[in-house]
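**Student:** Here it is, the structure in full.
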Amino acid sequence: MWPEGKRAAAAFTFDFDAEEVWIGEDPANASKPGVLSQGTYGAKVAVPLILEALERFGVRATFFVPGRVAERHPERVNEIVAAGHELAHHGYTHTSPTALAPDEEEAELTKGLEVLRSFGTEIVGYRSPSWDFSASTEELLQARGFRYSSNLMDDLRPYRHKRSGLVEIPIHWILDDAAHFWFDGATWTKKISTADEVGAIWEAEFLGYRRLGGAYVLTMHPQIMGRPYRLALLEHMLEWVTGHDDVWVATCAEIAERVP
Ligand SMILES: [Zn+2]
């Protein structure tokens, strides 16, 4: 499945949720500047720092962006595209397709696509805001010419959905920064992990994907990963992954092209 000399693939992916993830969690957050500022940090501080790190290691990443985030922070999306990274769909608002009626889901997909395409780049990938599908999602994606989805946890290697032929690039909580670092100020139910702990998990998983020939997909969020001690972890992972010559580092769109 992978280019000659490569035994596995790796993708650095960022869900650039900014304020929308908080509004999606609870619409009442839209009028709470303190809550929203957590997301604003992603656009204001984290994305530039992440772009700088990616450039330093020569890695092109995939950024999944809700349409409303692109409308609110167009300069950041322009910078992402200008640096050669892939832009992909992550809803218009940050609402799970499973919470939408079929016509609402269609409107979300269409509007999000319209906004992202206005940045002058092709949009071929979809990651749902909840990593989940409704009964209509697959068909809606197929009708709009999407080439891949990155939502399900049932494999280590990309594959094609039987019904639509859409490529699936699997993800997992283990490789998601939110699972390790997300702190919910409303409930105080989670501890904040150290970078060493998460780095050890991510390295061991990487070695497993490399051995088994999978596609190692890190899912990160600028507002979470862009804190100083976690940026150091990102830099470490960029160095660690690119230090393995037999692993192909690519965007999700490039990985999708390899799936027979
Ligand atoms: Zn998201």
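Identifiers in the structure tokens: chain A, B, ... in order shown; residue index from 1 per chain; ligand index from 1 in order shown.
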Give me, as a PyMOL selection string, all polymer residues having an atom no more than 7 Å from region 182-195 of chain A, counting only C-alpha atoms and skipping those fewer than 5 positions away in the same chain.
**Tutor:** chain A and resi 229-230+233
**Student:** Could you write those residues out with N, CA and C atoms, as a PDB file, in the first residue's frame?
**Tutor:**
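Written out: part_12.pdb:
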```
ATOM      1  N   TYR A 229       4.312  23.381  27.045  1.00  0.00           N
ATOM      2  CA  TYR A 229       4.930  22.068  27.292  1.00  0.00           C
ATOM      3  C   TYR A 229       4.462  21.014  26.300  1.00  0.00           C
ATOM      4  N   ARG A 230       3.277  21.248  25.702  1.00  0.00           N
ATOM      5  CA  ARG A 230       2.779  20.288  24.704  1.00  0.00           C
ATOM      6  C   ARG A 230       3.367  20.560  23.319  1.00  0.00           C
ATOM      7  N   LEU A 233       6.257  18.603  23.108  1.00  0.00           N
ATOM      8  CA  LEU A 233       5.922  17.209  22.760  1.00  0.00           C
ATOM      9  C   LEU A 233       5.671  17.083  21.254  1.00  0.00           C
TER      10      LEU A 233
END
```
**Student:** Asn151 (chain A): which residues within 10 Å, counting only C-alpha atoms, same-chain residues fewer than 6 positions away excluded, as a compact mmCIF listing (two decimals) with N, CA and C atoms, in the first residue's frame?
**Tutor:**
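Saved file out_20.txt follows:
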```
# COMPACT_ATOMS: atom_id res chain seq x y z
N TYR A 126 -13.12 14.51 5.09
CA TYR A 126 -14.14 14.89 6.08
C TYR A 126 -13.85 14.20 7.41
N ARG A 127 -13.80 15.01 8.47
CA ARG A 127 -13.77 14.46 9.83
C ARG A 127 -14.93 15.09 10.57
N SER A 128 -15.84 14.26 11.03
CA SER A 128 -17.03 14.76 11.73
C SER A 128 -16.62 15.36 13.07
N PRO A 129 -17.34 16.39 13.53
CA PRO A 129 -17.00 17.00 14.83
C PRO A 129 -17.09 16.02 16.00
N SER A 130 -17.76 14.89 15.80
CA SER A 130 -17.86 13.92 16.90
C SER A 130 -17.22 12.58 16.54
N TRP A 131 -16.46 12.53 15.41
CA TRP A 131 -15.93 11.25 14.95
C TRP A 131 -17.07 10.24 14.78
N ASP A 132 -18.22 10.72 14.31
CA ASP A 132 -19.29 9.75 14.10
C ASP A 132 -20.16 10.16 12.92
N PHE A 133 -20.90 9.17 12.40
CA PHE A 133 -21.75 9.35 11.24
C PHE A 133 -23.22 9.24 11.63
N GLU A 168 -11.55 5.16 4.28
CA GLU A 168 -11.54 5.50 5.71
C GLU A 168 -10.09 5.53 6.19
N ILE A 169 -9.70 6.62 6.83
CA ILE A 169 -8.37 6.71 7.45
C ILE A 169 -8.61 6.69 8.96
N PRO A 170 -8.45 5.53 9.59
CA PRO A 170 -8.87 5.37 10.99
C PRO A 170 -8.06 6.21 11.98
N ILE A 171 -8.75 6.57 13.05
CA ILE A 171 -8.18 7.36 14.13
C ILE A 171 -8.36 6.58 15.44
N HIS A 172 -7.87 7.10 16.55
CA HIS A 172 -8.14 6.46 17.84
C HIS A 172 -7.92 7.45 18.99
```
**Student:** Compile a residue-level contact table for region 110-164 of chain A against region 89-101 of chain A at a cut-off of 12 Å, reporting for every qualifying residue the shortest atom pair and its distance in Å to one decimal, with only C-alpha atoms counted, rows ordered by chain and ascending number, as a Markdown table.
**Tutor:**
```
| residue | atom | partner | partner_atom | distance |
| --- | --- | --- | --- | --- |
| A:Thr110 | CA | A:Tyr92 | CA | 8.4 |
| A:Lys111 | CA | A:Tyr92 | CA | 6.2 |
| A:Gly112 | CA | A:Tyr92 | CA | 4.3 |
| A:Leu113 | CA | A:His89 | CA | 6.8 |
| A:Glu114 | CA | A:Tyr92 | CA | 9.5 |
| A:Val115 | CA | A:Tyr92 | CA | 8.4 |
| A:Leu116 | CA | A:His89 | CA | 7.5 |
| A:Arg117 | CA | A:His89 | CA | 9.9 |
| A:Thr121 | CA | A:His89 | CA | 11.8 |
| A:Glu122 | CA | A:His89 | CA | 10.6 |
| A:Ile123 | CA | A:His89 | CA | 7.0 |
| A:Val124 | CA | A:His89 | CA | 7.9 |
| A:Gly125 | CA | A:His89 | CA | 6.0 |
| A:Tyr126 | CA | A:His89 | CA | 4.7 |
| A:Arg127 | CA | A:His90 | CA | 5.2 |
| A:Ser128 | CA | A:His90 | CA | 5.5 |
| A:Pro129 | CA | A:Ser96 | CA | 5.4 |
| A:Ser130 | CA | A:Ser96 | CA | 5.1 |
| A:Trp131 | CA | A:Ser96 | CA | 8.0 |
| A:Asp132 | CA | A:Thr98 | CA | 7.1 |
| A:Phe133 | CA | A:Pro97 | CA | 6.0 |
| A:Ser134 | CA | A:Thr98 | CA | 4.7 |
| A:Ala135 | CA | A:Thr98 | CA | 8.1 |
| A:Ser136 | CA | A:Pro97 | CA | 8.7 |
| A:Thr137 | CA | A:Pro97 | CA | 7.3 |
| A:Glu138 | CA | A:Pro97 | CA | 10.8 |
| A:Leu140 | CA | A:Pro97 | CA | 11.0 |
| A:Leu141 | CA | A:His89 | CA | 10.5 |
| A:Arg144 | CA | A:His89 | CA | 11.7 |
| A:Phe146 | CA | A:His89 | CA | 9.5 |
| A:Arg147 | CA | A:His89 | CA | 11.5 |
| A:Tyr148 | CA | A:His89 | CA | 10.5 |
| A:Ser149 | CA | A:His89 | CA | 9.5 |
| A:Ser150 | CA | A:His90 | CA | 10.2 |
| A:Asn151 | CA | A:His90 | CA | 10.7 |
```
**Student:** Among region 31-182 of chain A, which ones does DSSP place in helix (DSSP H, G or I), written as a PyMOL selection string?
**Tutor:** chain A and resi 31+33-56+67-72+74-82+97-99+102-117+137-143+173-175+177-181
**Student:** With only C-alpha atoms as the basis for distance, which of A:Glu71, A:Asp17, A:Glu86, A:Glu108 is at the shortest distance from Cys252 (chain A)?
**Tutor:**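 Checking each of A:Glu71, A:Asp17, A:Glu86, A:Glu108 against Cys252 (chain A), counting only C-alpha atoms, the winner is A:Glu86.
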**Student:** Given only C-alpha atoms as the basis, pick out the residue of A:Met220, A:Leu36, A:Leu212, A:Val247 nearest to Leu175 (chain A).
**Tutor:** A:Met220
**Student:** Assign secondary structure with DSSP using the backbone only, and return the residues of region 4-185 of chain A in strand (DSSP E) as a count of residues only.
**Tutor:** 24
**Student:** Could you tell me how far CA of Gly39 (chain A) sits from CA of Phe16 (chain A), in Å to one decimal place?
**Tutor:**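 Value for the CA of Phe16 (chain A)-CA of Gly39 (chain A) distance: 9.0 Å.
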**Student:** Quick one: residues within 8 Å of Ile50 (chain A), only C-alpha atoms counted, chain neighbours fewer than 2 positions away excluded, as number ranges by chain?
**Tutor:** A: 46-48, 52-54, 222, 226, 231
**Student:** List the neighbours of Gly84 (chain A) out to 9 Å using only C-alpha atoms; skip same-chain residues closer than 4 positions along the sequence, and give me the result as a list in words.
**Tutor:**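 In the requested format, the answer is Arg60, Ala61, Glu79 and Ile80 of chain A.
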**Student:** Please write the residues from the selection above to a file, keeping C-alpha atoms, as an mmCIF file, in the first residue's frame.
**Tutor:**
```cif
data_model
loop_
_atom_site.group_PDB
_atom_site.id
_atom_site.type_symbol
_atom_site.label_atom_id
_atom_site.label_comp_id
_atom_site.auth_asym_id
_atom_site.auth_seq_id
_atom_site.Cartn_x
_atom_site.Cartn_y
_atom_site.Cartn_z
ATOM 1 C CA ARG A 60 2.886 18.933 5.708
ATOM 2 C CA ALA A 61 -0.143 18.315 7.919
ATOM 3 C CA GLU A 79 -1.569 30.843 6.352
ATOM 4 C CA ILE A 80 -2.345 27.117 6.619
#
```
**Student:** Smallest atom-to-atom distance to ligand 1: which of A:Glu75, A:Asp26, A:Asp103, A:Glu19, using only C-alpha atoms and all ligand atoms?
**Tutor:**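 Closest to ligand 1 of all the choices is A:Glu19.
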**Student:** Would you please work out which residue, of A:Ala178, A:Leu109, A:Ala215, A:Val81, is nearest to ligand 1 when using only C-alpha atoms and all ligand atoms?
**Tutor:** A:Ala178
**Student:** Nearest to Val21 (chain A) among A:Gln142, A:Gln223, A:Asn78, A:Ser118, with distances taken over only C-alpha atoms: which residue is it?
**Tutor:**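 Using only C-alpha atoms, Val21 (chain A) sits closest to A:Gln223.
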**Student:** Could you check the closest approach to Asp177 (chain A) for each of A:Tyr209, A:Trp202, A:Phe119, A:Trp2 and tell me which residue wins, using only C-alpha atoms?
**Tutor:**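 Ranking A:Tyr209, A:Trp202, A:Phe119, A:Trp2 by distance to Asp177 (chain A), first place goes to A:Trp202.
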**Student:** Please provide as a PyMOL selection string all residues within 12 Å of Pro260 (chain A), with the sequence filter that same-chain residues fewer than 3 positions apart are discarded (counting only C-alpha atoms).
**Tutor:** chain A and resi 1-2+157-161+165-168+255-257
**Student:** Would you pick out the contacts of Arg211 (chain A) at 12 Å or less, using only C-alpha atoms, so that residues sharing its chain but fewer than 6 positions from it are not included, and give the list as a PyMOL selection string?
**Tutor:** chain A and resi 6-9+156-157+204-205+244+246-247
